[in-house]
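Student: As input, take entry_16.cif (mmCIF, C-alpha atoms):
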```cif
data_run
#
loop_
_atom_site.group_PDB
_atom_site.id
_atom_site.type_symbol
_atom_site.label_atom_id
_atom_site.label_comp_id
_atom_site.auth_asym_id
_atom_site.auth_seq_id
_atom_site.Cartn_x
_atom_site.Cartn_y
_atom_site.Cartn_z
ATOM 1 C CA MET A 25 -20.565 -8.042 10.756
ATOM 2 C CA SER A 26 -20.971 -4.924 8.694
ATOM 3 C CA THR A 27 -24.394 -3.349 8.870
ATOM 4 C CA SER A 28 -24.843 -0.026 7.146
ATOM 5 C CA THR A 29 -21.219 0.870 6.529
ATOM 6 C CA ALA A 30 -20.595 2.105 3.023
ATOM 7 C CA LYS A 31 -17.699 0.338 1.333
ATOM 8 C CA SER A 32 -15.118 2.004 -0.843
ATOM 9 C CA ASP A 33 -13.164 0.506 -3.676
ATOM 10 C CA TYR A 34 -9.402 0.762 -4.039
ATOM 11 C CA LEU A 35 -6.936 -0.543 -6.540
ATOM 12 C CA LEU A 36 -3.580 -1.765 -5.269
ATOM 13 C CA LEU A 37 -1.003 -1.491 -8.041
ATOM 14 C CA PHE A 38 2.154 -3.532 -7.426
ATOM 15 C CA ARG A 39 5.186 -1.829 -8.914
ATOM 16 C CA GLY A 40 8.711 -3.118 -9.329
ATOM 17 C CA ASN A 41 8.244 -6.717 -10.370
ATOM 18 C CA VAL A 42 11.906 -7.686 -10.096
ATOM 19 C CA TRP A 43 11.836 -8.297 -6.357
ATOM 20 C CA ASP A 44 13.071 -11.840 -6.994
ATOM 21 C CA LYS A 45 16.541 -10.665 -8.112
ATOM 22 C CA GLY A 46 19.229 -11.918 -5.798
ATOM 23 C CA LEU A 47 16.910 -14.148 -3.779
ATOM 24 C CA SER A 48 17.437 -17.891 -3.416
ATOM 25 C CA PRO A 49 14.793 -20.265 -4.809
ATOM 26 C CA ALA A 50 13.684 -21.016 -1.248
ATOM 27 C CA GLN A 51 13.231 -17.305 -0.500
ATOM 28 C CA ILE A 52 11.328 -16.783 -3.753
ATOM 29 C CA GLN A 53 9.154 -19.773 -2.909
ATOM 30 C CA LYS A 54 8.332 -18.225 0.454
ATOM 31 C CA VAL A 55 7.413 -14.800 -0.972
ATOM 32 C CA VAL A 56 5.243 -16.351 -3.700
ATOM 33 C CA SER A 57 3.477 -18.646 -1.187
ATOM 34 C CA ASP A 58 2.953 -15.761 1.249
ATOM 35 C CA TRP A 59 1.622 -13.573 -1.572
ATOM 36 C CA MET A 60 -0.840 -16.241 -2.736
ATOM 37 C CA ALA A 61 -1.969 -16.970 0.838
ATOM 38 C CA TRP A 62 -2.458 -13.220 1.403
ATOM 39 C CA PHE A 63 -4.603 -12.962 -1.752
ATOM 40 C CA GLU A 64 -6.693 -16.029 -0.796
ATOM 41 C CA ARG A 65 -7.223 -14.715 2.740
ATOM 42 C CA LEU A 66 -8.347 -11.281 1.500
ATOM 43 C CA LYS A 67 -10.739 -12.960 -0.939
ATOM 44 C CA ALA A 68 -12.131 -15.219 1.816
ATOM 45 C CA GLU A 69 -12.634 -12.138 4.016
ATOM 46 C CA GLY A 70 -14.502 -10.446 1.172
ATOM 47 C CA LYS A 71 -11.990 -7.585 1.093
ATOM 48 C CA CYS A 72 -10.498 -8.412 -2.280
ATOM 49 C CA ILE A 73 -12.795 -9.126 -5.172
ATOM 50 C CA GLY A 74 -10.142 -9.857 -7.760
ATOM 51 C CA GLY A 75 -6.594 -9.465 -8.898
ATOM 52 C CA ASN A 76 -4.179 -10.599 -11.555
ATOM 53 C CA PRO A 77 -0.524 -10.584 -12.356
ATOM 54 C CA LEU A 78 0.263 -8.792 -15.624
ATOM 55 C CA GLU A 79 2.408 -10.363 -18.284
ATOM 56 C CA GLU A 80 5.778 -8.697 -18.706
ATOM 57 C CA GLU A 81 5.205 -8.450 -22.436
ATOM 58 C CA GLY A 82 2.917 -5.756 -23.770
ATOM 59 C CA LYS A 83 2.664 -2.596 -25.855
ATOM 60 C CA VAL A 84 2.563 1.126 -25.220
ATOM 61 C CA VAL A 85 0.372 3.039 -27.656
ATOM 62 C CA SER A 86 0.686 6.808 -28.022
ATOM 63 C CA GLY A 87 0.407 9.652 -30.522
ATOM 64 C CA LYS A 88 -2.527 10.759 -32.614
ATOM 65 C CA GLN A 89 -4.585 7.736 -33.708
ATOM 66 C CA GLY A 90 -2.117 5.592 -31.797
ATOM 67 C CA ARG A 91 0.559 5.899 -34.463
ATOM 68 C CA THR A 92 3.413 5.093 -32.091
ATOM 69 C CA ILE A 93 3.536 1.570 -30.758
ATOM 70 C CA ALA A 94 6.398 0.567 -28.478
ATOM 71 C CA ASP A 95 7.047 -2.961 -27.272
ATOM 72 C CA GLY A 96 7.377 -4.090 -23.672
ATOM 73 C CA PRO A 97 8.826 -5.911 -21.699
ATOM 74 C CA PHE A 98 8.219 -3.974 -18.552
ATOM 75 C CA ALA A 99 9.983 -6.178 -16.045
ATOM 76 C CA GLU A 100 13.238 -4.212 -16.027
ATOM 77 C CA SER A 101 11.710 -0.996 -14.733
ATOM 78 C CA LYS A 102 11.271 -0.374 -11.026
ATOM 79 C CA GLU A 103 8.172 1.626 -11.890
ATOM 80 C CA ALA A 104 6.539 -1.088 -13.978
ATOM 81 C CA ILE A 105 3.230 -2.439 -12.798
ATOM 82 C CA GLY A 106 3.400 -6.175 -12.195
ATOM 83 C CA GLY A 107 -0.132 -6.812 -10.996
ATOM 84 C CA TYR A 108 -3.098 -5.492 -9.087
ATOM 85 C CA PHE A 109 -5.679 -6.297 -6.404
ATOM 86 C CA TYR A 110 -9.169 -4.805 -6.425
ATOM 87 C CA LEU A 111 -10.194 -4.096 -2.810
ATOM 88 C CA THR A 112 -13.594 -3.359 -1.322
ATOM 89 C CA VAL A 113 -12.964 -2.052 2.192
ATOM 90 C CA ALA A 114 -14.298 0.385 4.780
ATOM 91 C CA ASP A 115 -11.945 3.285 4.062
ATOM 92 C CA GLU A 116 -8.511 4.342 2.864
ATOM 93 C CA ASN A 117 -6.897 3.450 6.192
ATOM 94 C CA GLU A 118 -7.981 -0.134 5.804
ATOM 95 C CA ALA A 119 -6.703 -0.187 2.212
ATOM 96 C CA VAL A 120 -3.322 1.161 3.388
ATOM 97 C CA GLU A 121 -3.153 -1.355 6.242
ATOM 98 C CA ILE A 122 -3.752 -4.154 3.736
ATOM 99 C CA ALA A 123 -1.162 -2.716 1.335
ATOM 100 C CA LYS A 124 1.408 -2.772 4.166
ATOM 101 C CA GLN A 125 0.995 -6.564 4.357
ATOM 102 C CA CYS A 126 2.350 -7.041 0.816
ATOM 103 C CA PRO A 127 5.097 -9.699 1.043
ATOM 104 C CA GLY A 128 7.099 -8.028 -1.754
ATOM 105 C CA LEU A 129 7.654 -4.760 0.168
ATOM 106 C CA GLU A 130 10.612 -6.194 2.020
ATOM 107 C CA TYR A 131 12.313 -6.917 -1.328
ATOM 108 C CA GLY A 132 11.727 -3.588 -3.018
ATOM 109 C CA SER A 133 8.179 -3.801 -4.319
ATOM 110 C CA VAL A 134 6.165 -0.604 -4.195
ATOM 111 C CA VAL A 135 2.407 -0.598 -3.625
ATOM 112 C CA GLU A 136 0.284 2.211 -4.994
ATOM 113 C CA VAL A 137 -3.103 2.595 -3.289
ATOM 114 C CA ARG A 138 -5.627 4.355 -5.527
ATOM 115 C CA PRO A 139 -9.284 5.095 -4.802
ATOM 116 C CA VAL A 140 -11.549 3.974 -7.617
ATOM 117 C CA ALA A 141 -13.619 6.943 -8.787
ATOM 118 C CA GLU A 142 -17.330 6.654 -9.506
ATOM 119 C CA GLU A 143 -17.054 9.005 -12.399
ATOM 120 C CA CYS A 144 -14.226 10.463 -14.393
ATOM 121 C CA SER A 145 -13.333 13.952 -13.127
ATOM 122 C CA ILE A 146 -13.010 15.205 -16.710
ATOM 123 C CA ARG A 147 -16.515 13.994 -17.483
ATOM 124 C CA GLN A 148 -17.769 15.895 -14.446
ATOM 125 C CA ARG A 149 -16.132 19.041 -15.780
ATOM 126 C CA ALA A 150 -17.771 18.499 -19.177
ATOM 127 C CA ALA A 151 -21.145 17.828 -17.533
ATOM 128 C CA GLU A 152 -20.909 21.063 -15.509
ATOM 129 C CA TYR A 153 -20.266 22.904 -18.736
ATOM 130 C CA SER A 154 -23.366 21.343 -20.346
ATOM 131 C CA LEU A 155 -25.512 22.353 -17.391
ATOM 132 C CA GLY A 156 -24.114 25.872 -17.610
ATOM 133 C CA GLN A 157 -24.962 26.011 -21.319
ATOM 134 C CA LEU A 158 -28.459 24.771 -20.610
ATOM 135 C CA ALA A 159 -28.927 27.316 -17.832
ATOM 136 C CA SER A 160 -27.850 30.221 -20.029
ATOM 137 C CA ALA A 161 -30.003 28.954 -22.936
ATOM 138 C CA THR A 162 -33.106 28.823 -20.772
ATOM 139 C CA ALA A 163 -32.373 32.065 -18.884
ATOM 140 C CA MET B 22 -5.739 -4.688 -19.517
ATOM 141 C CA LEU B 23 -5.450 -1.176 -20.887
ATOM 142 C CA LEU B 24 -3.821 1.328 -18.528
ATOM 143 C CA PHE B 25 -4.492 4.959 -19.424
ATOM 144 C CA ARG B 26 -1.560 7.158 -18.498
ATOM 145 C CA GLY B 27 -1.564 10.943 -18.344
ATOM 146 C CA PRO B 28 -4.860 11.905 -16.663
ATOM 147 C CA HIS B 29 -4.605 15.625 -17.474
ATOM 148 C CA TRP B 30 -5.392 15.391 -21.165
ATOM 149 C CA ASP B 31 -8.167 17.956 -20.742
ATOM 150 C CA ARG B 32 -5.716 20.762 -19.939
ATOM 151 C CA GLY B 33 -5.649 23.465 -22.545
ATOM 152 C CA LEU B 34 -8.962 22.453 -24.096
ATOM 153 C CA SER B 35 -11.805 24.944 -24.091
ATOM 154 C CA THR B 36 -14.952 23.729 -22.378
ATOM 155 C CA GLN B 37 -16.562 23.381 -25.788
ATOM 156 C CA GLU B 38 -13.687 21.265 -27.122
ATOM 157 C CA LEU B 39 -13.785 19.260 -23.938
ATOM 158 C CA GLN B 40 -17.497 18.614 -24.329
ATOM 159 C CA ALA B 41 -16.965 17.352 -27.887
ATOM 160 C CA ALA B 42 -14.014 15.201 -26.807
ATOM 161 C CA MET B 43 -15.995 13.717 -23.940
ATOM 162 C CA ASP B 44 -18.891 12.856 -26.240
ATOM 163 C CA LYS B 45 -16.409 10.978 -28.430
ATOM 164 C CA VAL B 46 -14.931 9.161 -25.445
ATOM 165 C CA MET B 47 -18.355 8.105 -24.185
ATOM 166 C CA GLY B 48 -19.422 6.992 -27.669
ATOM 167 C CA TRP B 49 -16.231 4.954 -28.023
ATOM 168 C CA PHE B 50 -16.745 3.350 -24.642
ATOM 169 C CA GLU B 51 -20.406 2.528 -25.287
ATOM 170 C CA GLY B 52 -19.518 1.053 -28.692
ATOM 171 C CA LEU B 53 -16.961 -1.290 -27.099
ATOM 172 C CA ASN B 54 -19.439 -2.203 -24.406
ATOM 173 C CA GLU B 55 -22.156 -3.052 -26.932
ATOM 174 C CA ARG B 56 -19.698 -5.304 -28.753
ATOM 175 C CA GLY B 57 -19.081 -7.141 -25.471
ATOM 176 C CA LYS B 58 -15.435 -6.089 -25.343
ATOM 177 C CA ILE B 59 -15.414 -4.615 -21.823
ATOM 178 C CA LYS B 60 -15.106 -6.844 -18.780
ATOM 179 C CA ALA B 61 -14.381 -4.029 -16.340
ATOM 180 C CA ALA B 62 -13.398 -0.376 -16.461
ATOM 181 C CA GLN B 63 -12.978 2.360 -13.903
ATOM 182 C CA PRO B 64 -11.433 5.779 -13.579
ATOM 183 C CA LEU B 65 -9.051 6.221 -10.637
ATOM 184 C CA SER B 66 -9.127 9.213 -8.354
ATOM 185 C CA GLY B 67 -5.976 11.335 -8.397
ATOM 186 C CA GLN B 68 -5.698 10.817 -4.650
ATOM 187 C CA GLY B 69 -4.018 7.848 -3.072
ATOM 188 C CA ARG B 70 -0.760 6.744 -1.506
ATOM 189 C CA ILE B 71 2.418 4.952 -2.491
ATOM 190 C CA LEU B 72 3.958 2.558 0.015
ATOM 191 C CA SER B 73 7.489 1.239 -0.072
ATOM 192 C CA GLY B 74 10.200 -0.037 2.238
ATOM 193 C CA GLY B 75 9.981 -3.065 4.514
ATOM 194 C CA ASN B 76 6.485 -3.234 6.032
ATOM 195 C CA GLY B 77 5.447 -0.358 3.772
ATOM 196 C CA ASN B 78 6.631 2.243 6.243
ATOM 197 C CA LEU B 79 7.596 4.820 3.610
ATOM 198 C CA VAL B 80 4.338 6.449 2.587
ATOM 199 C CA VAL B 81 4.008 9.135 -0.068
ATOM 200 C CA ASP B 82 0.631 10.870 -0.316
ATOM 201 C CA GLY B 83 -1.017 11.739 -3.617
ATOM 202 C CA PRO B 84 -2.323 13.356 -5.712
ATOM 203 C CA PHE B 85 -0.467 11.669 -8.562
ATOM 204 C CA ALA B 86 -2.411 13.111 -11.425
ATOM 205 C CA GLU B 87 0.275 15.728 -12.178
ATOM 206 C CA SER B 88 2.584 13.151 -13.709
ATOM 207 C CA LYS B 89 2.282 12.184 -17.377
ATOM 208 C CA GLU B 90 3.044 8.637 -16.281
ATOM 209 C CA ALA B 91 0.252 8.516 -13.710
ATOM 210 C CA VAL B 92 -2.465 5.953 -14.322
ATOM 211 C CA GLY B 93 -5.821 7.707 -14.616
ATOM 212 C CA GLY B 94 -7.963 4.659 -15.266
ATOM 213 C CA TYR B 95 -8.050 1.166 -16.628
ATOM 214 C CA LEU B 96 -10.100 -1.079 -18.820
ATOM 215 C CA VAL B 97 -10.109 -4.877 -18.802
ATOM 216 C CA LEU B 98 -10.778 -5.998 -22.354
ATOM 217 C CA GLN B 99 -12.291 -9.192 -23.602
ATOM 218 C CA ALA B 100 -10.070 -9.411 -26.676
ATOM 219 C CA ASP B 101 -9.222 -12.438 -28.807
ATOM 220 C CA ASN B 102 -5.530 -11.638 -28.983
ATOM 221 C CA MET B 103 -2.878 -8.958 -28.591
ATOM 222 C CA ASN B 104 -3.567 -7.554 -32.079
ATOM 223 C CA GLU B 105 -7.184 -6.908 -31.263
ATOM 224 C CA ALA B 106 -6.246 -5.350 -27.928
ATOM 225 C CA VAL B 107 -3.745 -3.038 -29.655
ATOM 226 C CA ASP B 108 -6.317 -2.097 -32.315
ATOM 227 C CA ILE B 109 -8.782 -1.158 -29.596
ATOM 228 C CA ALA B 110 -6.065 0.762 -27.731
ATOM 229 C CA ARG B 111 -5.304 2.683 -30.942
ATOM 230 C CA SER B 112 -8.959 3.698 -31.239
ATOM 231 C CA THR B 113 -8.862 5.504 -27.856
ATOM 232 C CA PRO B 114 -10.046 9.078 -28.523
ATOM 233 C CA MET B 115 -7.914 10.553 -25.700
ATOM 234 C CA LEU B 116 -4.719 9.622 -27.613
ATOM 235 C CA LYS B 117 -5.241 12.767 -29.649
ATOM 236 C CA TYR B 118 -4.787 14.796 -26.468
ATOM 237 C CA GLY B 119 -1.503 13.226 -25.389
ATOM 238 C CA ILE B 120 -2.337 10.253 -23.207
ATOM 239 C CA THR B 121 -0.560 6.924 -23.612
ATOM 240 C CA VAL B 122 -2.225 3.528 -23.413
ATOM 241 C CA GLU B 123 -0.343 0.581 -21.986
ATOM 242 C CA VAL B 124 -1.616 -2.784 -23.225
ATOM 243 C CA ARG B 125 -0.863 -5.649 -20.840
ATOM 244 C CA PRO B 126 -2.106 -9.230 -20.975
ATOM 245 C CA LEU B 127 -3.546 -10.530 -17.703
ATOM 246 C CA LEU B 128 -2.046 -13.726 -16.342
ATOM 247 C CA ALA B 129 -3.499 -16.445 -14.169
ATOM 248 C CA GLU B 130 -0.089 -17.348 -12.817
ATOM 249 C CA CYS B 131 2.706 -15.160 -11.490
ATOM 250 C CA PRO B 132 5.411 -14.440 -14.129
ATOM 251 C CA ILE B 133 8.016 -15.124 -11.444
ATOM 252 C CA PHE B 134 7.242 -18.783 -12.169
ATOM 253 C CA GLN B 135 8.384 -18.302 -15.777
ATOM 254 C CA ARG B 136 11.742 -17.006 -14.586
ATOM 255 C CA HIS B 137 12.135 -19.684 -11.924
ATOM 256 C CA PRO B 138 10.866 -23.038 -13.223
ATOM 257 C CA ASP B 139 12.281 -24.781 -10.118
ATOM 258 C CA VAL B 140 10.107 -22.643 -7.846
ATOM 259 C CA ALA B 141 7.081 -23.271 -10.069
ATOM 260 C CA GLN B 142 7.732 -27.031 -9.959
ATOM 261 C CA ARG B 143 7.930 -26.993 -6.173
ATOM 262 C CA ALA B 144 4.659 -25.020 -5.959
ATOM 263 C CA ARG B 145 2.974 -27.583 -8.225
ATOM 264 C CA ASP B 146 4.428 -30.480 -6.218
ATOM 265 C CA ARG B 147 3.064 -28.888 -3.105
ATOM 266 C CA ALA B 148 -0.394 -28.530 -4.666
ATOM 267 C CA VAL B 149 -0.296 -32.189 -5.746
ATOM 268 C CA ARG B 150 0.706 -33.241 -2.214
ATOM 269 C CA ALA B 151 -2.156 -31.184 -0.779
ATOM 270 C CA ASP B 152 -4.568 -32.915 -3.171
ATOM 271 C CA GLN B 153 -3.195 -36.328 -2.153
ATOM 272 C CA LEU B 154 -3.609 -35.496 1.526
ATOM 273 C CA LEU B 155 -7.180 -34.330 0.911
ATOM 274 C CA ALA B 156 -7.923 -37.514 -1.062
ATOM 275 C CA ALA B 157 -6.389 -39.654 1.692
ATOM 276 C CA ALA B 158 -8.416 -37.826 4.343
ATOM 277 C CA ALA B 159 -11.607 -38.319 2.321
ATOM 278 C CA ALA B 160 -10.927 -42.048 1.773
#
```
Using the file provided, produce a representation of the structure as structure tokens.

Tutor:
Amino acid sequence: MSTSTAKSDYLLLFRGNVWDKGLSPAQIQKVVSDWMAWFERLKAEGKCIGGNPLEEEGKVVSGKQGRTIADGPFAESKEAIGGYFYLTVADENEAVEIAKQCPGLEYGSVVEVRPVAEECSIRQRAAEYSLGQLASATA
Amino acid sequence: MLLFRGPHWDRGLSTQELQAAMDKVMGWFEGLNERGKIKAAQPLSGQGRILSGGNGNLVVDGPFAESKEAVGGYLVLQADNMNEAVDIARSTPMLKYGITVEVRPLLAECPIFQRHPDVAQRARDRAVRADQLLAAAAA
């Protein structure tokens, strides 16, 4: 039972969504079942508040005013993000311990563990500047 | 889901330029929010870890923000279709400063099932059997 412990949020990003290559249907079935059971267990424990697979189709927008639009798919890349879990846990160690349970790791998946920030660091920098301006204006 | 890649878009901007850019970003975000387009959004801290290998024993520590590919934040859109999602992605003010926006539809079901219909069928059969067992137990 947690009492006053502050929780932290982490995003698990699953990269390399071609772990099924070379596996038999029975092996794939096992990894998928294990993965779903893992997700359901984390949700039941209140440690995961959501997650989704991402479609392999998609677009990449870049350039001024988003002039450049490239098409997915993303499945071929080992770096591509195939899905995510949103975790609410005690600390980074717990997030890493959970990430280590990912059933895809054995078949080449990579799990990125990223703390969710309360506020954008760039916004903080801009806010500090505003405060500085205000301070010099009122000095 | 929009994934914002290239978290260091503020580099090379004067604090004044940054302030103006940030005002635009916040205005853009608030506008989308007022239109009911945002289901979730969060910046990610540059810290974190990447796990790979069986049991996730290979651990690389962050920060990851140095890379142009690094994900600096995400936004889950409530969009009617891919076109609307891409239009919103193209309106991202940070594009002007060199970020890229990856637009990825969220799925309810793992895309592995699309590649392996036999596995998907077995998973469905299993779910049906579970329902039958539950119904039999309840009867």

Student: Based on only C-alpha atoms, which of the residues in chain A come within 6 Å of chain B? I want them as number ranges by chain.

Tutor: A: 53, 77-79, 82-90, 124, 129-130, 134-141, 144, 150

Student: Quick one: residues within 8 Å of Ala61 of chain B, only C-alpha atoms, excluding same-chain residues fewer than 6 positions away - as a PyMOL selection string?

Tutor: chain B and resi 96-98

Student: Which value, in Å to one decimal, gives the distance between atom CA of Cys126 of chain A and atom CA of Val56 of chain A?

Tutor: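 Computed distance, atom CA of Cys126 of chain A to atom CA of Val56 of chain A, equals 10.7 Å.
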
Student: Would you list the contacts of segment 105-108 of chain A as a PDB file with C-alpha atoms, in the coordinates of the input, taking every protein, DNA or RNA residue within 8 Å and counting all atoms listed in the file, but skipping same-chain residues closer than 4 positions in sequence?

Tutor:
```pdb
ATOM      1  CA  LEU A  35      -6.936  -0.543  -6.540  1.00  0.00           C
ATOM      2  CA  LEU A  36      -3.580  -1.765  -5.269  1.00  0.00           C
ATOM      3  CA  LEU A  37      -1.003  -1.491  -8.041  1.00  0.00           C
ATOM      4  CA  PHE A  38       2.154  -3.532  -7.426  1.00  0.00           C
ATOM      5  CA  ARG A  39       5.186  -1.829  -8.914  1.00  0.00           C
ATOM      6  CA  GLY A  40       8.711  -3.118  -9.329  1.00  0.00           C
ATOM      7  CA  ASN A  41       8.244  -6.717 -10.370  1.00  0.00           C
ATOM      8  CA  GLY A  75      -6.594  -9.465  -8.898  1.00  0.00           C
ATOM      9  CA  ASN A  76      -4.179 -10.599 -11.555  1.00  0.00           C
ATOM     10  CA  PRO A  77      -0.524 -10.584 -12.356  1.00  0.00           C
ATOM     11  CA  LEU A  78       0.263  -8.792 -15.624  1.00  0.00           C
ATOM     12  CA  GLU A  79       2.408 -10.363 -18.284  1.00  0.00           C
ATOM     13  CA  GLU A  80       5.778  -8.697 -18.706  1.00  0.00           C
ATOM     14  CA  PHE A  98       8.219  -3.974 -18.552  1.00  0.00           C
ATOM     15  CA  ALA A  99       9.983  -6.178 -16.045  1.00  0.00           C
TER      16      ALA A  99
END
```

Student: Evaluate the PyMOL selection byres ((chain A and resi 43) around 6) on the structure here and hand back the selected residues as a ChimeraX atom specification.

Tutor: /A:41-42,44-45,131-132

Student: Name the closest residue to Glu118 of chain A among the candidates A:Lys71, A:Ser57, A:Phe63, A:Ser154; distances are taken between atoms, counting all atoms listed in the file.

Tutor: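 Smallest separation from Glu118 of chain A among the options: A:Lys71.
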
Student: Do you know which residues are at most 8 Å from Pro127 of chain A counting all atoms listed in the file, after dropping those on the same chain fewer than 6 positions away, and could you put them as a ChimeraX atom specification?

Tutor: /A:55,58-59

Student: What is the distance between atom CA of Phe109 of chain A and atom CA of Glu81 of chain A, in Å to one decimal?

Tutor: 19.5 Å

Student: Using Å and a single decimal, report how far atom CA of Arg145 of chain B sits from atom CA of Ala160 of chain B.

Tutor: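 According to the coordinates, atom CA of Ala160 of chain B and atom CA of Arg145 of chain B are separated by 22.4 Å.
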
Student: For Ser32 of chain A, which of A:Ala119, A:Ala161, A:Ala114, A:Ile146 is the closest residue, counting all atoms listed in the file?

Tutor: A:Ala114

Student: Please evaluate the PyMOL selection byres ((chain A and resi 66) around 12) against the displayed coordinates and give the resulting residues as a VMD selection string.

Tutor: chain A and resid 59 to 65 67 to 75 109 to 113 118 to 119 122 to 123 125 to 126

Student: Those residues with C-alpha atoms, as a PDB file, in the frame of the given file please?

Tutor:
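Below is the file that was written, again-v7.pdb:
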```
ATOM      1  CA  TRP A  59       1.622 -13.573  -1.572  1.00  0.00           C
ATOM      2  CA  MET A  60      -0.840 -16.241  -2.736  1.00  0.00           C
ATOM      3  CA  ALA A  61      -1.969 -16.970   0.838  1.00  0.00           C
ATOM      4  CA  TRP A  62      -2.458 -13.220   1.403  1.00  0.00           C
ATOM      5  CA  PHE A  63      -4.603 -12.962  -1.752  1.00  0.00           C
ATOM      6  CA  GLU A  64      -6.693 -16.029  -0.796  1.00  0.00           C
ATOM      7  CA  ARG A  65      -7.223 -14.715   2.740  1.00  0.00           C
ATOM      8  CA  LYS A  67     -10.739 -12.960  -0.939  1.00  0.00           C
ATOM      9  CA  ALA A  68     -12.131 -15.219   1.816  1.00  0.00           C
ATOM     10  CA  GLU A  69     -12.634 -12.138   4.016  1.00  0.00           C
ATOM     11  CA  GLY A  70     -14.502 -10.446   1.172  1.00  0.00           C
ATOM     12  CA  LYS A  71     -11.990  -7.585   1.093  1.00  0.00           C
ATOM     13  CA  CYS A  72     -10.498  -8.412  -2.280  1.00  0.00           C
ATOM     14  CA  ILE A  73     -12.795  -9.126  -5.172  1.00  0.00           C
ATOM     15  CA  GLY A  74     -10.142  -9.857  -7.760  1.00  0.00           C
ATOM     16  CA  GLY A  75      -6.594  -9.465  -8.898  1.00  0.00           C
ATOM     17  CA  PHE A 109      -5.679  -6.297  -6.404  1.00  0.00           C
ATOM     18  CA  TYR A 110      -9.169  -4.805  -6.425  1.00  0.00           C
ATOM     19  CA  LEU A 111     -10.194  -4.096  -2.810  1.00  0.00           C
ATOM     20  CA  THR A 112     -13.594  -3.359  -1.322  1.00  0.00           C
ATOM     21  CA  VAL A 113     -12.964  -2.052   2.192  1.00  0.00           C
ATOM     22  CA  GLU A 118      -7.981  -0.134   5.804  1.00  0.00           C
ATOM     23  CA  ALA A 119      -6.703  -0.187   2.212  1.00  0.00           C
ATOM     24  CA  ILE A 122      -3.752  -4.154   3.736  1.00  0.00           C
ATOM     25  CA  ALA A 123      -1.162  -2.716   1.335  1.00  0.00           C
ATOM     26  CA  GLN A 125       0.995  -6.564   4.357  1.00  0.00           C
ATOM     27  CA  CYS A 126       2.350  -7.041   0.816  1.00  0.00           C
TER      28      CYS A 126
END
```

Student: From the list A:Arg91, A:Pro97, A:Pro49, A:Ala159, which residue is nearest Gln142 of chain B when using all atoms listed in the file?

Tutor: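 Of all the options, A:Pro49 lies closest to Gln142 of chain B.
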
Student: Reconstruct segment 32-44 of chain B at the level of N, CA and C atoms, and format the result as a PDB file, keeping the file's coordinate frame.

Tutor:
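Final file, selection06.pdb:
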```pdb
ATOM      1  N   ARG B  32      -6.334  19.444 -20.114  1.00  0.00           N
ATOM      2  CA  ARG B  32      -5.716  20.762 -19.939  1.00  0.00           C
ATOM      3  C   ARG B  32      -5.515  21.451 -21.278  1.00  0.00           C
ATOM      4  N   GLY B  33      -5.866  22.708 -21.321  1.00  0.00           N
ATOM      5  CA  GLY B  33      -5.649  23.465 -22.545  1.00  0.00           C
ATOM      6  C   GLY B  33      -6.804  23.363 -23.521  1.00  0.00           C
ATOM      7  N   LEU B  34      -7.789  22.521 -23.233  1.00  0.00           N
ATOM      8  CA  LEU B  34      -8.962  22.453 -24.096  1.00  0.00           C
ATOM      9  C   LEU B  34     -10.006  23.447 -23.584  1.00  0.00           C
ATOM     10  N   SER B  35     -10.688  24.088 -24.501  1.00  0.00           N
ATOM     11  CA  SER B  35     -11.805  24.944 -24.091  1.00  0.00           C
ATOM     12  C   SER B  35     -12.925  24.031 -23.623  1.00  0.00           C
ATOM     13  N   THR B  36     -13.868  24.582 -22.883  1.00  0.00           N
ATOM     14  CA  THR B  36     -14.952  23.729 -22.378  1.00  0.00           C
ATOM     15  C   THR B  36     -15.734  23.133 -23.540  1.00  0.00           C
ATOM     16  N   GLN B  37     -15.837  23.885 -24.623  1.00  0.00           N
ATOM     17  CA  GLN B  37     -16.562  23.381 -25.788  1.00  0.00           C
ATOM     18  C   GLN B  37     -15.826  22.190 -26.426  1.00  0.00           C
ATOM     19  N   GLU B  38     -14.501  22.361 -26.578  1.00  0.00           N
ATOM     20  CA  GLU B  38     -13.687  21.265 -27.122  1.00  0.00           C
ATOM     21  C   GLU B  38     -13.759  20.042 -26.213  1.00  0.00           C
ATOM     22  N   LEU B  39     -13.747  20.339 -24.921  1.00  0.00           N
ATOM     23  CA  LEU B  39     -13.785  19.260 -23.938  1.00  0.00           C
ATOM     24  C   LEU B  39     -15.095  18.482 -24.046  1.00  0.00           C
ATOM     25  N   GLN B  40     -16.173  19.243 -24.194  1.00  0.00           N
ATOM     26  CA  GLN B  40     -17.497  18.614 -24.329  1.00  0.00           C
ATOM     27  C   GLN B  40     -17.516  17.670 -25.537  1.00  0.00           C
ATOM     28  N   ALA B  41     -16.989  18.160 -26.662  1.00  0.00           N
ATOM     29  CA  ALA B  41     -16.965  17.352 -27.887  1.00  0.00           C
ATOM     30  C   ALA B  41     -16.090  16.117 -27.691  1.00  0.00           C
ATOM     31  N   ALA B  42     -14.929  16.320 -27.041  1.00  0.00           N
ATOM     32  CA  ALA B  42     -14.014  15.201 -26.807  1.00  0.00           C
ATOM     33  C   ALA B  42     -14.681  14.156 -25.918  1.00  0.00           C
ATOM     34  N   MET B  43     -15.359  14.635 -24.889  1.00  0.00           N
ATOM     35  CA  MET B  43     -15.995  13.717 -23.940  1.00  0.00           C
ATOM     36  C   MET B  43     -17.110  12.919 -24.609  1.00  0.00           C
ATOM     37  N   ASP B  44     -17.849  13.574 -25.499  1.00  0.00           N
ATOM     38  CA  ASP B  44     -18.891  12.856 -26.240  1.00  0.00           C
ATOM     39  C   ASP B  44     -18.266  11.708 -27.041  1.00  0.00           C
TER      40      ASP B  44
END
```
